[in-house]
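Undergrad: Next up, input23.cif (mmCIF, N, CA and C atoms).
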```
data_structure
loop_
_atom_site.group_PDB
_atom_site.id
_atom_site.type_symbol
_atom_site.label_atom_id
_atom_site.label_comp_id
_atom_site.auth_asym_id
_atom_site.auth_seq_id
_atom_site.Cartn_x
_atom_site.Cartn_y
_atom_site.Cartn_z
ATOM 1 N N MET A 1 11.028 213.051 137.894
ATOM 2 C CA MET A 1 11.281 212.544 139.237
ATOM 3 C C MET A 1 11.189 213.736 140.189
ATOM 4 N N ASP A 2 10.355 213.592 141.210
ATOM 5 C CA ASP A 2 10.275 214.680 142.189
ATOM 6 C C ASP A 2 11.347 214.496 143.264
ATOM 7 N N SER A 3 11.489 215.491 144.115
ATOM 8 C CA SER A 3 12.582 215.469 145.101
ATOM 9 C C SER A 3 12.451 214.318 146.099
ATOM 10 N N LYS A 4 11.228 213.947 146.442
ATOM 11 C CA LYS A 4 11.034 212.825 147.377
ATOM 12 C C LYS A 4 11.479 211.505 146.736
ATOM 13 N N GLN A 5 11.122 211.300 145.478
ATOM 14 C CA GLN A 5 11.553 210.092 144.767
ATOM 15 C C GLN A 5 13.069 210.050 144.639
ATOM 16 N N GLU A 6 13.653 211.188 144.344
ATOM 17 C CA GLU A 6 15.109 211.257 144.205
ATOM 18 C C GLU A 6 15.794 210.916 145.534
ATOM 19 N N LYS A 7 15.290 211.489 146.633
ATOM 20 C CA LYS A 7 15.858 211.209 147.948
ATOM 21 C C LYS A 7 15.726 209.729 148.283
ATOM 22 N N ASN A 8 14.574 209.131 148.006
ATOM 23 C CA ASN A 8 14.376 207.698 148.267
ATOM 24 C C ASN A 8 15.335 206.855 147.433
ATOM 25 N N ALA A 9 15.525 207.234 146.173
ATOM 26 C CA ALA A 9 16.438 206.493 145.300
ATOM 27 C C ALA A 9 17.871 206.582 145.818
ATOM 28 N N VAL A 10 18.268 207.749 146.280
ATOM 29 C CA VAL A 10 19.631 207.925 146.806
ATOM 30 C C VAL A 10 19.786 207.155 148.119
ATOM 31 N N ASP A 11 18.782 207.198 148.982
ATOM 32 C CA ASP A 11 18.839 206.440 150.234
ATOM 33 C C ASP A 11 18.953 204.937 149.975
ATOM 34 N N ASP A 12 18.183 204.437 149.003
ATOM 35 C CA ASP A 12 18.275 203.018 148.633
ATOM 36 C C ASP A 12 19.667 202.694 148.099
ATOM 37 N N MET A 13 20.210 203.605 147.316
ATOM 38 C CA MET A 13 21.541 203.405 146.756
ATOM 39 C C MET A 13 22.591 203.310 147.856
ATOM 40 N N VAL A 14 22.494 204.168 148.852
ATOM 41 C CA VAL A 14 23.444 204.126 149.964
ATOM 42 C C VAL A 14 23.407 202.750 150.621
ATOM 43 N N ARG A 15 22.221 202.236 150.863
ATOM 44 C CA ARG A 15 22.103 200.904 151.493
ATOM 45 C C ARG A 15 22.725 199.816 150.614
ATOM 46 N N ARG A 16 22.463 199.867 149.328
ATOM 47 C CA ARG A 16 23.041 198.860 148.410
ATOM 48 C C ARG A 16 24.564 198.952 148.386
ATOM 49 N N LEU A 17 25.076 200.167 148.319
ATOM 50 C CA LEU A 17 26.524 200.339 148.245
ATOM 51 C C LEU A 17 27.205 199.988 149.565
ATOM 52 N N GLU A 18 26.529 200.195 150.683
ATOM 53 C CA GLU A 18 27.094 199.783 151.971
ATOM 54 C C GLU A 18 27.274 198.269 152.018
ATOM 55 N N VAL A 19 26.368 197.531 151.389
ATOM 56 C CA VAL A 19 26.497 196.072 151.326
ATOM 57 C C VAL A 19 27.605 195.684 150.345
ATOM 58 N N ARG A 20 27.586 196.309 149.180
ATOM 59 C CA ARG A 20 28.579 195.968 148.152
ATOM 60 C C ARG A 20 30.002 196.318 148.590
ATOM 61 N N TYR A 21 30.148 197.410 149.316
ATOM 62 C CA TYR A 21 31.464 197.850 149.782
ATOM 63 C C TYR A 21 31.542 197.718 151.299
ATOM 64 N N ALA A 22 31.198 196.545 151.782
ATOM 65 C CA ALA A 22 31.154 196.282 153.221
ATOM 66 C C ALA A 22 32.528 196.407 153.875
ATOM 67 N N ASP A 23 33.593 196.329 153.074
ATOM 68 C CA ASP A 23 34.940 196.475 153.622
ATOM 69 C C ASP A 23 35.298 197.939 153.901
ATOM 70 N N LEU A 24 34.476 198.864 153.426
ATOM 71 C CA LEU A 24 34.667 200.286 153.714
ATOM 72 C C LEU A 24 33.685 200.705 154.809
ATOM 73 N N PRO A 25 34.046 201.682 155.616
ATOM 74 C CA PRO A 25 33.124 202.137 156.669
ATOM 75 C C PRO A 25 31.829 202.690 156.051
ATOM 76 N N PRO A 26 30.680 202.342 156.621
ATOM 77 C CA PRO A 26 29.403 202.842 156.087
ATOM 78 C C PRO A 26 29.344 204.366 156.018
ATOM 79 N N ASP A 27 29.964 205.038 156.977
ATOM 80 C CA ASP A 27 29.983 206.506 156.946
ATOM 81 C C ASP A 27 30.725 207.021 155.719
ATOM 82 N N ARG A 28 31.761 206.301 155.312
ATOM 83 C CA ARG A 28 32.520 206.711 154.130
ATOM 84 C C ARG A 28 31.675 206.543 152.874
ATOM 85 N N VAL A 29 30.959 205.418 152.786
ATOM 86 C CA VAL A 29 30.092 205.168 151.629
ATOM 87 C C VAL A 29 29.054 206.286 151.525
ATOM 88 N N LYS A 30 28.419 206.602 152.645
ATOM 89 C CA LYS A 30 27.402 207.655 152.640
ATOM 90 C C LYS A 30 28.008 209.001 152.270
ATOM 91 N N ALA A 31 29.195 209.291 152.756
ATOM 92 C CA ALA A 31 29.855 210.560 152.438
ATOM 93 C C ALA A 31 30.153 210.675 150.944
ATOM 94 N N VAL A 32 30.596 209.584 150.346
ATOM 95 C CA VAL A 32 30.889 209.589 148.906
ATOM 96 C C VAL A 32 29.604 209.827 148.119
ATOM 97 N N VAL A 33 28.545 209.105 148.461
ATOM 98 C CA VAL A 33 27.274 209.277 147.752
ATOM 99 C C VAL A 33 26.757 210.706 147.931
ATOM 100 N N THR A 34 26.839 211.218 149.139
ATOM 101 C CA THR A 34 26.373 212.579 149.421
ATOM 102 C C THR A 34 27.153 213.602 148.602
ATOM 103 N N ALA A 35 28.464 213.441 148.533
ATOM 104 C CA ALA A 35 29.294 214.363 147.754
ATOM 105 C C ALA A 35 28.972 214.277 146.262
ATOM 106 N N CYS A 36 28.803 213.070 145.766
ATOM 107 C CA CYS A 36 28.461 212.896 144.346
ATOM 108 C C CYS A 36 27.101 213.521 144.049
ATOM 109 N N HIS A 37 26.156 213.314 144.942
ATOM 110 C CA HIS A 37 24.812 213.874 144.769
ATOM 111 C C HIS A 37 24.875 215.406 144.810
ATOM 112 N N ALA A 38 25.620 215.953 145.738
ATOM 113 C CA ALA A 38 25.745 217.405 145.852
ATOM 114 C C ALA A 38 26.378 218.017 144.603
ATOM 115 N N SER A 39 27.285 217.281 143.988
ATOM 116 C CA SER A 39 27.957 217.821 142.796
ATOM 117 C C SER A 39 26.998 217.990 141.618
ATOM 118 N N LEU A 40 25.837 217.362 141.693
ATOM 119 C CA LEU A 40 24.851 217.463 140.613
ATOM 120 C C LEU A 40 23.629 218.276 141.033
ATOM 121 N N SER A 41 23.721 218.964 142.145
ATOM 122 C CA SER A 41 22.554 219.667 142.687
ATOM 123 C C SER A 41 22.056 220.805 141.805
ATOM 124 N N ASP A 42 22.914 221.344 140.961
ATOM 125 C CA ASP A 42 22.513 222.471 140.122
ATOM 126 C C ASP A 42 21.958 222.052 138.759
ATOM 127 N N LYS A 43 21.860 220.766 138.520
ATOM 128 C CA LYS A 43 21.383 220.292 137.223
ATOM 129 C C LYS A 43 19.857 220.353 137.175
ATOM 130 N N PRO A 44 19.301 220.948 136.123
ATOM 131 C CA PRO A 44 17.855 221.138 136.078
ATOM 132 C C PRO A 44 17.053 219.868 135.788
ATOM 133 N N ILE A 45 17.608 218.962 135.027
ATOM 134 C CA ILE A 45 16.885 217.728 134.699
ATOM 135 C C ILE A 45 17.304 216.676 135.703
ATOM 136 N N ARG A 46 16.358 216.216 136.525
ATOM 137 C CA ARG A 46 16.656 215.377 137.672
ATOM 138 C C ARG A 46 16.420 213.881 137.426
ATOM 139 N N ASP A 47 15.836 213.502 136.304
ATOM 140 C CA ASP A 47 15.426 212.116 136.088
ATOM 141 C C ASP A 47 16.562 211.110 136.194
ATOM 142 N N PHE A 48 17.743 211.467 135.750
ATOM 143 C CA PHE A 48 18.846 210.517 135.730
ATOM 144 C C PHE A 48 19.877 210.752 136.832
ATOM 145 N N ILE A 49 19.596 211.666 137.733
ATOM 146 C CA ILE A 49 20.539 211.994 138.799
ATOM 147 C C ILE A 49 20.920 210.762 139.622
ATOM 148 N N PRO A 50 19.962 209.935 140.080
ATOM 149 C CA PRO A 50 20.376 208.755 140.864
ATOM 150 C C PRO A 50 21.323 207.825 140.106
ATOM 151 N N VAL A 51 21.090 207.646 138.824
ATOM 152 C CA VAL A 51 21.969 206.779 138.022
ATOM 153 C C VAL A 51 23.366 207.386 137.924
ATOM 154 N N LEU A 52 23.437 208.687 137.688
ATOM 155 C CA LEU A 52 24.725 209.360 137.584
ATOM 156 C C LEU A 52 25.464 209.356 138.922
ATOM 157 N N VAL A 53 24.735 209.557 139.999
ATOM 158 C CA VAL A 53 25.340 209.531 141.330
ATOM 159 C C VAL A 53 25.898 208.141 141.620
ATOM 160 N N GLU A 54 25.115 207.108 141.326
ATOM 161 C CA GLU A 54 25.588 205.753 141.602
ATOM 162 C C GLU A 54 26.829 205.423 140.792
ATOM 163 N N HIS A 55 26.849 205.815 139.547
ATOM 164 C CA HIS A 55 28.018 205.551 138.705
ATOM 165 C C HIS A 55 29.261 206.233 139.280
ATOM 166 N N ALA A 56 29.125 207.505 139.627
ATOM 167 C CA ALA A 56 30.263 208.250 140.175
ATOM 168 C C ALA A 56 30.699 207.688 141.524
ATOM 169 N N ALA A 57 29.737 207.356 142.376
ATOM 170 C CA ALA A 57 30.060 206.823 143.703
ATOM 171 C C ALA A 57 30.761 205.472 143.591
ATOM 172 N N ARG A 58 30.265 204.603 142.725
ATOM 173 C CA ARG A 58 30.915 203.297 142.545
ATOM 174 C C ARG A 58 32.353 203.460 142.072
ATOM 175 N N SER A 59 32.560 204.367 141.139
ATOM 176 C CA SER A 59 33.920 204.600 140.634
ATOM 177 C C SER A 59 34.845 205.050 141.753
ATOM 178 N N GLN A 60 34.376 205.986 142.558
ATOM 179 C CA GLN A 60 35.207 206.495 143.643
ATOM 180 C C GLN A 60 35.439 205.431 144.711
ATOM 181 N N LEU A 61 34.407 204.677 145.056
ATOM 182 C CA LEU A 61 34.557 203.636 146.080
ATOM 183 C C LEU A 61 35.483 202.514 145.605
ATOM 184 N N ARG A 62 35.380 202.160 144.329
ATOM 185 C CA ARG A 62 36.302 201.151 143.771
ATOM 186 C C ARG A 62 37.733 201.634 143.880
ATOM 187 N N ALA A 63 37.948 202.903 143.552
ATOM 188 C CA ALA A 63 39.301 203.466 143.623
ATOM 189 C C ALA A 63 39.812 203.466 145.060
ATOM 190 N N GLU A 64 38.962 203.794 145.999
ATOM 191 C CA GLU A 64 39.380 203.796 147.406
ATOM 192 C C GLU A 64 39.676 202.390 147.894
ATOM 193 N N ARG A 65 38.926 201.446 147.402
ATOM 194 C CA ARG A 65 39.111 200.055 147.826
ATOM 195 C C ARG A 65 40.454 199.531 147.346
ATOM 196 N N THR A 66 40.879 199.943 146.160
ATOM 197 C CA THR A 66 42.109 199.403 145.576
ATOM 198 C C THR A 66 43.331 200.274 145.837
ATOM 199 N N ALA A 67 43.122 201.450 146.405
ATOM 200 C CA ALA A 67 44.254 202.340 146.683
ATOM 201 C C ALA A 67 45.086 201.777 147.827
ATOM 202 N N PRO A 68 46.410 201.932 147.730
ATOM 203 C CA PRO A 68 47.249 201.474 148.831
ATOM 204 C C PRO A 68 46.979 202.314 150.081
ATOM 205 N N PRO A 69 47.087 201.711 151.267
ATOM 206 C CA PRO A 69 46.831 202.477 152.492
ATOM 207 C C PRO A 69 47.846 203.608 152.649
ATOM 208 N N ARG A 70 47.371 204.730 153.198
ATOM 209 C CA ARG A 70 48.249 205.881 153.414
ATOM 210 C C ARG A 70 49.015 205.700 154.711
ATOM 211 N N ALA A 71 50.229 206.208 154.716
ATOM 212 C CA ALA A 71 51.045 206.152 155.934
ATOM 213 C C ALA A 71 50.470 207.112 156.967
ATOM 214 N N ALA A 72 50.522 206.704 158.219
ATOM 215 C CA ALA A 72 49.938 207.552 159.280
ATOM 216 C C ALA A 72 50.867 208.625 159.727
#
```
Since I need it in another form, could you write the structure as structure tokens?
TA:
Amino acid sequence: MDSKQEKNAVDDMVRRLEVRYADLPPDRVKAVVTACHASLSDKPIRDFIPVLVEHAARSQLRAERTAPPRAA
């Protein structure tokens, strides 16, 4: 997978996750995906990066969705 394909896959993932987690702000969804993607930036084999990013992002977004609201 080249860098352009990887970027397109991550961009598509952000759009899908924004729909799936519509109760969360879209900026938050994108931030989670971006952070997950950045955490794998040093990995030399890139073929499975989008799958790993999506798995990690979904886990984090699910946790945020079910976490009790924080006191202000």
Undergrad: Go through chain A and collect every residue that DSSP, computed from the backbone, puts in helix (DSSP H, G or I); the answer should be as a ChimeraX atom specification.
TA: /A:3-20,26-38,49-66
Undergrad: Can you work out the spacing between atom CA of A:Leu24 and atom CA of A:Ser39 in Å, to one decimal?
TA: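 Between these atoms lies a distance of 21.7 Å.
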Undergrad: Please return as a ChimeraX atom specification every residue within 9 Å of (21.0, 207.5, 140.0), taking into account only C-alpha atoms and the file's own coordinates.
TA: /A:6,9-10,13,37,47-55
Undergrad: Using only C-alpha atoms, pick whichever of A:Asp11, A:Ala56, A:Thr66, A:Glu18 has the shortest atom-to-atom distance to A:Ala35.
TA: A:Ala56
Undergrad: Please, what distance in Å, to one decimal, runs between atom CA of A:Val33 and atom CA of A:Ala57?
TA: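 That distance, rounded to one decimal, is 5.5 Å.
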Undergrad: Please, what distance in Å, to one decimal, runs between atom CA of A:Ala63 and atom N of A:Gln5?
TA: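 Those two atoms sit 29.3 Å apart.
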Undergrad: For A:Arg58, which residue among A:Val32, A:Ala22, A:Met1, A:Ala38 is the nearest when counting only N, CA and C atoms?
TA: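 Ranked by minimum distance to A:Arg58, first place goes to A:Val32.
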Undergrad: Which of these, A:Val29, A:Leu61, A:Asp2, A:Asp12, has the shortest distance to A:Arg46 once you count only N, CA and C atoms?
TA: A:Asp2
Undergrad: Box for stretch 29-39 of chain A: with edges along x, y and z, all listed atoms inside and 4 Å added on each side, what are the centre and edge lengths in Å to one decimal, as JSON?
TA:
```
{"center_x": 27.9, "center_y": 211.6, "center_z": 147.2, "size_x": 14.1, "size_y": 20.8, "size_z": 19.2}
```
Undergrad: Any chance you could model N, CA, C and O atoms for stretch 21-32 of chain A and send them as a PDB file, keeping the file's coordinate frame?
TA:
```
ATOM      1  N   TYR A  21      30.148 197.410 149.316  1.00  0.00           N
ATOM      2  CA  TYR A  21      31.464 197.850 149.782  1.00  0.00           C
ATOM      3  C   TYR A  21      31.542 197.718 151.299  1.00  0.00           C
ATOM      4  O   TYR A  21      31.947 198.642 151.997  1.00  0.00           O
ATOM      5  N   ALA A  22      31.198 196.545 151.782  1.00  0.00           N
ATOM      6  CA  ALA A  22      31.154 196.282 153.221  1.00  0.00           C
ATOM      7  C   ALA A  22      32.528 196.407 153.875  1.00  0.00           C
ATOM      8  O   ALA A  22      32.616 196.594 155.088  1.00  0.00           O
ATOM      9  N   ASP A  23      33.593 196.329 153.074  1.00  0.00           N
ATOM     10  CA  ASP A  23      34.940 196.475 153.622  1.00  0.00           C
ATOM     11  C   ASP A  23      35.298 197.939 153.901  1.00  0.00           C
ATOM     12  O   ASP A  23      36.296 198.213 154.556  1.00  0.00           O
ATOM     13  N   LEU A  24      34.476 198.864 153.426  1.00  0.00           N
ATOM     14  CA  LEU A  24      34.667 200.286 153.714  1.00  0.00           C
ATOM     15  C   LEU A  24      33.685 200.705 154.809  1.00  0.00           C
ATOM     16  O   LEU A  24      32.596 200.150 154.907  1.00  0.00           O
ATOM     17  N   PRO A  25      34.046 201.682 155.616  1.00  0.00           N
ATOM     18  CA  PRO A  25      33.124 202.137 156.669  1.00  0.00           C
ATOM     19  C   PRO A  25      31.829 202.690 156.051  1.00  0.00           C
ATOM     20  O   PRO A  25      31.880 203.432 155.058  1.00  0.00           O
ATOM     21  N   PRO A  26      30.680 202.342 156.621  1.00  0.00           N
ATOM     22  CA  PRO A  26      29.403 202.842 156.087  1.00  0.00           C
ATOM     23  C   PRO A  26      29.344 204.366 156.018  1.00  0.00           C
ATOM     24  O   PRO A  26      28.764 204.918 155.079  1.00  0.00           O
ATOM     25  N   ASP A  27      29.964 205.038 156.977  1.00  0.00           N
ATOM     26  CA  ASP A  27      29.983 206.506 156.946  1.00  0.00           C
ATOM     27  C   ASP A  27      30.725 207.021 155.719  1.00  0.00           C
ATOM     28  O   ASP A  27      30.374 208.056 155.162  1.00  0.00           O
ATOM     29  N   ARG A  28      31.761 206.301 155.312  1.00  0.00           N
ATOM     30  CA  ARG A  28      32.520 206.711 154.130  1.00  0.00           C
ATOM     31  C   ARG A  28      31.675 206.543 152.874  1.00  0.00           C
ATOM     32  O   ARG A  28      31.675 207.400 151.984  1.00  0.00           O
ATOM     33  N   VAL A  29      30.959 205.418 152.786  1.00  0.00           N
ATOM     34  CA  VAL A  29      30.092 205.168 151.629  1.00  0.00           C
ATOM     35  C   VAL A  29      29.054 206.286 151.525  1.00  0.00           C
ATOM     36  O   VAL A  29      28.850 206.866 150.452  1.00  0.00           O
ATOM     37  N   LYS A  30      28.419 206.602 152.645  1.00  0.00           N
ATOM     38  CA  LYS A  30      27.402 207.655 152.640  1.00  0.00           C
ATOM     39  C   LYS A  30      28.008 209.001 152.270  1.00  0.00           C
ATOM     40  O   LYS A  30      27.402 209.774 151.519  1.00  0.00           O
ATOM     41  N   ALA A  31      29.195 209.291 152.756  1.00  0.00           N
ATOM     42  CA  ALA A  31      29.855 210.560 152.438  1.00  0.00           C
ATOM     43  C   ALA A  31      30.153 210.675 150.944  1.00  0.00           C
ATOM     44  O   ALA A  31      29.975 211.747 150.351  1.00  0.00           O
ATOM     45  N   VAL A  32      30.596 209.584 150.346  1.00  0.00           N
ATOM     46  CA  VAL A  32      30.889 209.589 148.906  1.00  0.00           C
ATOM     47  C   VAL A  32      29.604 209.827 148.119  1.00  0.00           C
ATOM     48  O   VAL A  32      29.571 210.659 147.203  1.00  0.00           O
TER      49      VAL A  32
END
```
